[in-house]
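> I'd like to ask you about the structure that follows.
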Amino acid sequence: MNANQQVSKQATGSNLQTLHESPDMWKFFVYSFIGAFMFFVPVTIGEKNSIMLDHIVSYIQTYAAPALPYYALIIIAAGSIYPFLSGTWKKSTVNIIFSIFKVIGLFVGIMLVFNFGPAWLFDPAMGPFLFNKLVVPVGLLVPIGAVFLALLVSYGLLEFIGVLMQPVMRPVWKTPGRSAIDAVASFVGSYSLGLLITNRIYKEGKYTAKEAAIIATGFSTVSATFMVIVAKTLGLMDMWNTYFWVTLFVTFLVTAVTVRIWPLSKMKDEYYEGSTPQPEVKVSGNRFARAWDEAKATLAASPTLFDNIKTNLMDGLLMAMAILPSILSIGLLGLVLAEFTPLFDWIGYIFYPFTALFQLPEPMLAAKASALGIAEMFLPALLVTESALIVKFVIAVVSVSSIIFFSAVVPCIVSTEIPISIPKLVVIWIQRVILTIIFVTPIAYLIL
């Protein structure tokens, strides 16, 4: 009898027997259910149908509106000061640049909150857009989401799903089965929460650098909530389900290709320095029994609920501190370049051969809109609001599937420990935009 068969045999037996042997297994069900419910189950409250986490954030935004700009400014100030207090600002050239941008973000935040500065900054599509649509929601979503994240990822559910999903994730996307929960958390929750999960699991030694980079650039896209805003902007809500599922399919199809080409294909399969490597063991025999066994082992080593929430809340606050100042500096720079320079017209020529080849109406406009996504994912939609339906549909999918944009996702990734450089992120973005246009345009012609 080999080792896997022995483990499988030991893991078999009724769930009642398992629960009798492990009286704390109620935590697996109760805590995991609460975490999954908060992230993944849409609930209708009033006239709004969304996940509970979004309802909580919306409630706070509604009833604590006067205090939120000051809360966000405190997080921004802490984020801009923290690199200098901790000494991380001088670790590398990238750290130095982003630390300077964070200080700039603090000054921009002060001007926006206290209402002084150049007139162009207060254009509704500039500073107010970034502050109200990104800074405040992300500043609430990340720390609050981190609290419920503690319930979702620390009591065995991650390992349980990981074992069950292993036959799918590894062959298609070259990532462990446990990464399936990252993908769902990003699409239903938020890219920032997805990255929070990815970074934590990477630092624990459960992902290699390559796996973490694949997940960060291939799964951590904007949430369904953000997609609703894009669909509303482009008049696609009457075909919401079609748009959502096509976007989901195309995004993951593109990822299946990018993991097989440079730069992702050449990244090293090395674990986080100082961590204890915990590679996913290939399972044979009774997969469900092995999944249950993995969940029990994780639960046995899990921290207390209070300690777990405290750790995750701190991680969430640190990530919010890293993201918010960067949104107000790098994101604003992207909007300014899009508005006042021809930079994105030039970048659009990268994609023009593909928009023209697939015979999209107004191919140059579609190419420029695709290029705008590198600055901020909402910008492509704003450019094609008056275009043909097929252009609007393709650009709506491109803006989500391309994943990487400088106003938020790039600062998020750089603020993690995942070792992938900004030039490589730009290359992956170009690959994703081109592949998305190639995959989604024929689909759009078929269904529209």
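Convention: chains lettered A, B, ... in structure tokens order; per-chain residue numbering from 1; ligands numbered from 1 as shown.
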Could you give me the residues within region 103-340 of chain A that DSSP places in alpha helix (DSSP H), as a PyMOL selection string?
chain A and resi 103-114+127-130+136-153+157-173+180-184+191-203+209-218+224-233+240-258+287-300+305-326+332-340
> Neighbours of Phe406 (chain A) within 8 Å (only C-alpha atoms; same-chain residues fewer than 2 positions away dropped), as number ranges by chain?
A: 327, 330-331, 334, 374-376, 404, 408-411
> Which residues are near Ile229 (chain A)? Cut-off 12 Å, only C-alpha atoms, ignore same chain within fewer than 5 positions. Put them as a ChimeraX atom specification.
/A:133,222-224,234-237,240,377-379,381-382,396,399-400
> Next, dump the selected residues to file, keeping only N, CA and C atoms, as a PDB file, in the first residue's frame.

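After the write, selection.pdb holds the following:
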ATOM      1  N   LYS A 133     -15.374  57.405  -5.995  1.00  0.00           N
ATOM      2  CA  LYS A 133     -15.665  56.106  -6.607  1.00  0.00           C
ATOM      3  C   LYS A 133     -14.637  55.031  -6.275  1.00  0.00           C
ATOM      4  N   VAL A 222     -11.495  43.190 -11.399  1.00  0.00           N
ATOM      5  CA  VAL A 222     -12.480  43.986 -10.663  1.00  0.00           C
ATOM      6  C   VAL A 222     -13.700  43.129 -10.353  1.00  0.00           C
ATOM      7  N   SER A 223     -14.447  43.536  -9.351  1.00  0.00           N
ATOM      8  CA  SER A 223     -15.562  42.730  -8.868  1.00  0.00           C
ATOM      9  C   SER A 223     -16.796  42.884  -9.747  1.00  0.00           C
ATOM     10  N   ALA A 224     -17.770  42.026  -9.470  1.00  0.00           N
ATOM     11  CA  ALA A 224     -19.053  42.118 -10.167  1.00  0.00           C
ATOM     12  C   ALA A 224     -19.710  43.474  -9.923  1.00  0.00           C
ATOM     13  N   LEU A 234     -22.577  51.750 -20.175  1.00  0.00           N
ATOM     14  CA  LEU A 234     -22.657  51.416 -21.595  1.00  0.00           C
ATOM     15  C   LEU A 234     -24.034  50.888 -22.018  1.00  0.00           C
ATOM     16  N   GLY A 235     -25.010  50.960 -21.116  1.00  0.00           N
ATOM     17  CA  GLY A 235     -26.353  50.522 -21.463  1.00  0.00           C
ATOM     18  C   GLY A 235     -26.473  49.029 -21.704  1.00  0.00           C
ATOM     19  N   LEU A 236     -25.726  48.223 -20.951  1.00  0.00           N
ATOM     20  CA  LEU A 236     -25.723  46.770 -21.147  1.00  0.00           C
ATOM     21  C   LEU A 236     -26.476  46.010 -20.055  1.00  0.00           C
ATOM     22  N   MET A 237     -27.157  46.714 -19.160  1.00  0.00           N
ATOM     23  CA  MET A 237     -27.798  46.031 -18.040  1.00  0.00           C
ATOM     24  C   MET A 237     -28.928  45.103 -18.480  1.00  0.00           C
ATOM     25  N   TRP A 240     -27.255  41.775 -18.754  1.00  0.00           N
ATOM     26  CA  TRP A 240     -26.268  41.659 -17.689  1.00  0.00           C
ATOM     27  C   TRP A 240     -25.711  40.253 -17.564  1.00  0.00           C
ATOM     28  N   MET A 377      -9.683  51.408 -15.142  1.00  0.00           N
ATOM     29  CA  MET A 377     -10.550  50.482 -15.872  1.00  0.00           C
ATOM     30  C   MET A 377     -11.884  51.100 -16.311  1.00  0.00           C
ATOM     31  N   PHE A 378     -12.305  52.221 -15.707  1.00  0.00           N
ATOM     32  CA  PHE A 378     -13.552  52.854 -16.120  1.00  0.00           C
ATOM     33  C   PHE A 378     -13.397  53.706 -17.383  1.00  0.00           C
ATOM     34  N   LEU A 379     -12.182  54.158 -17.655  1.00  0.00           N
ATOM     35  CA  LEU A 379     -11.965  55.084 -18.773  1.00  0.00           C
ATOM     36  C   LEU A 379     -12.372  54.515 -20.132  1.00  0.00           C
ATOM     37  N   ALA A 381     -14.816  52.596 -20.967  1.00  0.00           N
ATOM     38  CA  ALA A 381     -16.282  52.690 -21.110  1.00  0.00           C
ATOM     39  C   ALA A 381     -16.709  54.120 -21.421  1.00  0.00           C
ATOM     40  N   LEU A 382     -16.068  55.092 -20.790  1.00  0.00           N
ATOM     41  CA  LEU A 382     -16.450  56.488 -20.999  1.00  0.00           C
ATOM     42  C   LEU A 382     -16.207  56.931 -22.432  1.00  0.00           C
ATOM     43  N   ALA A 396     -16.370  46.682 -22.918  1.00  0.00           N
ATOM     44  CA  ALA A 396     -16.795  46.364 -21.553  1.00  0.00           C
ATOM     45  C   ALA A 396     -16.088  45.111 -21.038  1.00  0.00           C
ATOM     46  N   SER A 399     -12.156  45.920 -20.614  1.00  0.00           N
ATOM     47  CA  SER A 399     -11.827  46.726 -19.432  1.00  0.00           C
ATOM     48  C   SER A 399     -11.721  45.872 -18.170  1.00  0.00           C
ATOM     49  N   VAL A 400     -12.429  44.736 -18.135  1.00  0.00           N
ATOM     50  CA  VAL A 400     -12.374  43.837 -16.979  1.00  0.00           C
ATOM     51  C   VAL A 400     -11.296  42.778 -17.169  1.00  0.00           C
TER      52      VAL A 400
END
> Work out how far CA of Ile413 (chain A) is from CA of Pro325 (chain A), in Å to one decimal.
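For CA of Pro325 (chain A) relative to CA of Ile413 (chain A), the distance reads 14.2 Å.
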> Skip Phe122 (chain A) itself and residues of its chain fewer than 5 positions away, then list as a list in words all residues within 12 Å of it, counting only C-alpha atoms.
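Returned residues: Val108, Gly109, Met111, Leu112, Val113, Phe114, Asn115, Phe116, Gly117, Gly127, Pro128, Phe129, Leu130, Phe131, Asn132 and Leu332 of chain A.
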> For the selection just defined, write its residues with C-alpha atoms to a file, as a CSV table (one decimal), in the first residue's frame.

chain,number,residue,atom,x,y,z
A,108,VAL,CA,-3.9,65.6,-3.4
A,109,GLY,CA,-6.2,64.2,-0.7
A,111,MET,CA,-6.7,69.5,-1.5
A,112,LEU,CA,-9.8,67.4,-2.3
A,113,VAL,CA,-11.0,67.1,1.3
A,114,PHE,CA,-10.4,70.8,2.2
A,115,ASN,CA,-11.5,72.1,-1.3
A,116,PHE,CA,-8.6,74.1,-2.5
A,117,GLY,CA,-6.2,73.7,-5.5
A,127,GLY,CA,-10.2,64.2,-8.4
A,128,PRO,CA,-13.8,63.7,-7.2
A,129,PHE,CA,-14.2,60.6,-9.4
A,130,LEU,CA,-11.1,59.0,-7.9
A,131,PHE,CA,-11.9,60.0,-4.3
A,132,ASN,CA,-15.6,59.1,-4.3
A,332,LEU,CA,-4.7,60.9,-11.2
> Determine the nearest neighbour of Leu328 (chain A) from the options A:Lys424, A:Lys102, A:Lys206, A:Arg287, counting only C-alpha atoms.
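Of all the options, A:Lys102 lies closest to Leu328 (chain A).
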> With distances taken over only C-alpha atoms, which residue among A:Leu343, A:Asp24, A:Lys48, A:Leu68 lies nearest Val138 (chain A)?
A:Leu68
> Write out as a PyMOL selection string each polymer residue whose atoms come within 7 Å of Lys368 (chain A), counting only C-alpha atoms; drop sequence neighbours fewer than 4 positions from it.
chain A and resi 344-345+348+364+372
> Check the smallest atom-to-atom distance from each of A:Ala388, A:Leu357, A:Val147, A:Met169 to Met314 (chain A) using only C-alpha atoms, then report the winner.
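With only C-alpha atoms as the atom set, the closest residue is A:Val147.
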> Tell me which protein, DNA and RNA residues are within 7 Å of Trp292 (chain A), counting only C-alpha atoms, leaving out same-chain ones fewer than 4 positions away, and put them as a compact mmCIF listing (two decimals) with all heavy atoms, in the first residue's frame.

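This is the output file out_2.txt:
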# COMPACT_ATOMS: atom_id res chain seq x y z
N PHE A 160 -10.01 22.53 1.80
CA PHE A 160 -11.06 21.61 1.36
C PHE A 160 -11.38 21.80 -0.11
O PHE A 160 -11.37 20.86 -0.91
CB PHE A 160 -12.31 21.81 2.22
CG PHE A 160 -13.42 20.84 1.94
CD1 PHE A 160 -13.40 19.56 2.47
CD2 PHE A 160 -14.48 21.20 1.14
CE1 PHE A 160 -14.43 18.66 2.22
CE2 PHE A 160 -15.51 20.32 0.87
CZ PHE A 160 -15.48 19.04 1.41
N PHE A 288 -12.64 13.32 -1.77
CA PHE A 288 -13.45 14.00 -0.77
C PHE A 288 -12.91 13.73 0.64
O PHE A 288 -12.81 14.64 1.47
CB PHE A 288 -14.91 13.56 -0.87
CG PHE A 288 -15.84 14.34 0.01
CD1 PHE A 288 -16.41 15.53 -0.43
CD2 PHE A 288 -16.13 13.90 1.30
CE1 PHE A 288 -17.24 16.26 0.40
CE2 PHE A 288 -16.97 14.62 2.13
CZ PHE A 288 -17.53 15.80 1.68
N LYS A 296 -9.36 19.32 8.39
CA LYS A 296 -9.16 19.03 9.81
C LYS A 296 -7.77 19.46 10.27
O LYS A 296 -7.61 20.04 11.35
CB LYS A 296 -9.35 17.53 10.08
CG LYS A 296 -10.78 17.07 10.09
CD LYS A 296 -10.91 15.68 10.71
CE LYS A 296 -10.17 14.64 9.91
NZ LYS A 296 -10.27 13.30 10.54
> Got a sec: who's within 10 Å of region 315-318 of chain A, counting only C-alpha atoms, leaving out chain neighbours fewer than 2 positions off, as an NGL selection string?
:A and (75 or 78-79 or 82 or 139-147 or 149 or 192-193 or 196 or 199-200 or 309-313 or 320-323 or 415)
> Since we have the selection now, will you write its residues out, keeping C-alpha atoms, as a PDB file, in the first residue's frame?

ATOM      1  CA  ILE A  75      -5.636  56.241   6.029  1.00  0.00           C
ATOM      2  CA  ALA A  78      -0.789  56.896   7.497  1.00  0.00           C
ATOM      3  CA  GLY A  79      -0.004  55.189   4.181  1.00  0.00           C
ATOM      4  CA  TYR A  82       4.445  54.441   6.930  1.00  0.00           C
ATOM      5  CA  GLY A 139     -10.763  52.317   2.094  1.00  0.00           C
ATOM      6  CA  LEU A 140     -13.833  50.699   3.657  1.00  0.00           C
ATOM      7  CA  LEU A 141     -13.967  47.478   1.669  1.00  0.00           C
ATOM      8  CA  VAL A 142     -10.444  46.225   2.321  1.00  0.00           C
ATOM      9  CA  PRO A 143     -10.350  46.427   6.158  1.00  0.00           C
ATOM     10  CA  ILE A 144     -13.970  45.271   6.608  1.00  0.00           C
ATOM     11  CA  GLY A 145     -13.490  42.512   4.044  1.00  0.00           C
ATOM     12  CA  ALA A 146     -10.323  41.429   5.845  1.00  0.00           C
ATOM     13  CA  VAL A 147     -12.346  40.714   8.989  1.00  0.00           C
ATOM     14  CA  LEU A 149     -11.651  36.991   5.197  1.00  0.00           C
ATOM     15  CA  SER A 192      -7.998  44.064  -3.532  1.00  0.00           C
ATOM     16  CA  LEU A 193      -9.463  41.271  -1.407  1.00  0.00           C
ATOM     17  CA  LEU A 196      -5.008  40.174   0.072  1.00  0.00           C
ATOM     18  CA  ASN A 199      -0.369  37.679  -0.624  1.00  0.00           C
ATOM     19  CA  ARG A 200      -1.229  36.055   2.682  1.00  0.00           C
ATOM     20  CA  ILE A 309      -9.520  38.716  13.087  1.00  0.00           C
ATOM     21  CA  LYS A 310      -6.919  41.039  14.638  1.00  0.00           C
ATOM     22  CA  THR A 311      -4.189  39.772  12.268  1.00  0.00           C
ATOM     23  CA  ASN A 312      -6.384  40.039   9.182  1.00  0.00           C
ATOM     24  CA  LEU A 313      -7.721  43.471  10.146  1.00  0.00           C
ATOM     25  CA  ALA A 320      -5.584  50.119   2.398  1.00  0.00           C
ATOM     26  CA  MET A 321      -2.757  52.416   3.537  1.00  0.00           C
ATOM     27  CA  ALA A 322      -0.659  51.202   0.593  1.00  0.00           C
ATOM     28  CA  ILE A 323      -3.422  51.519  -2.012  1.00  0.00           C
ATOM     29  CA  SER A 415       2.290  46.689  -2.132  1.00  0.00           C
TER      30      SER A 415
END
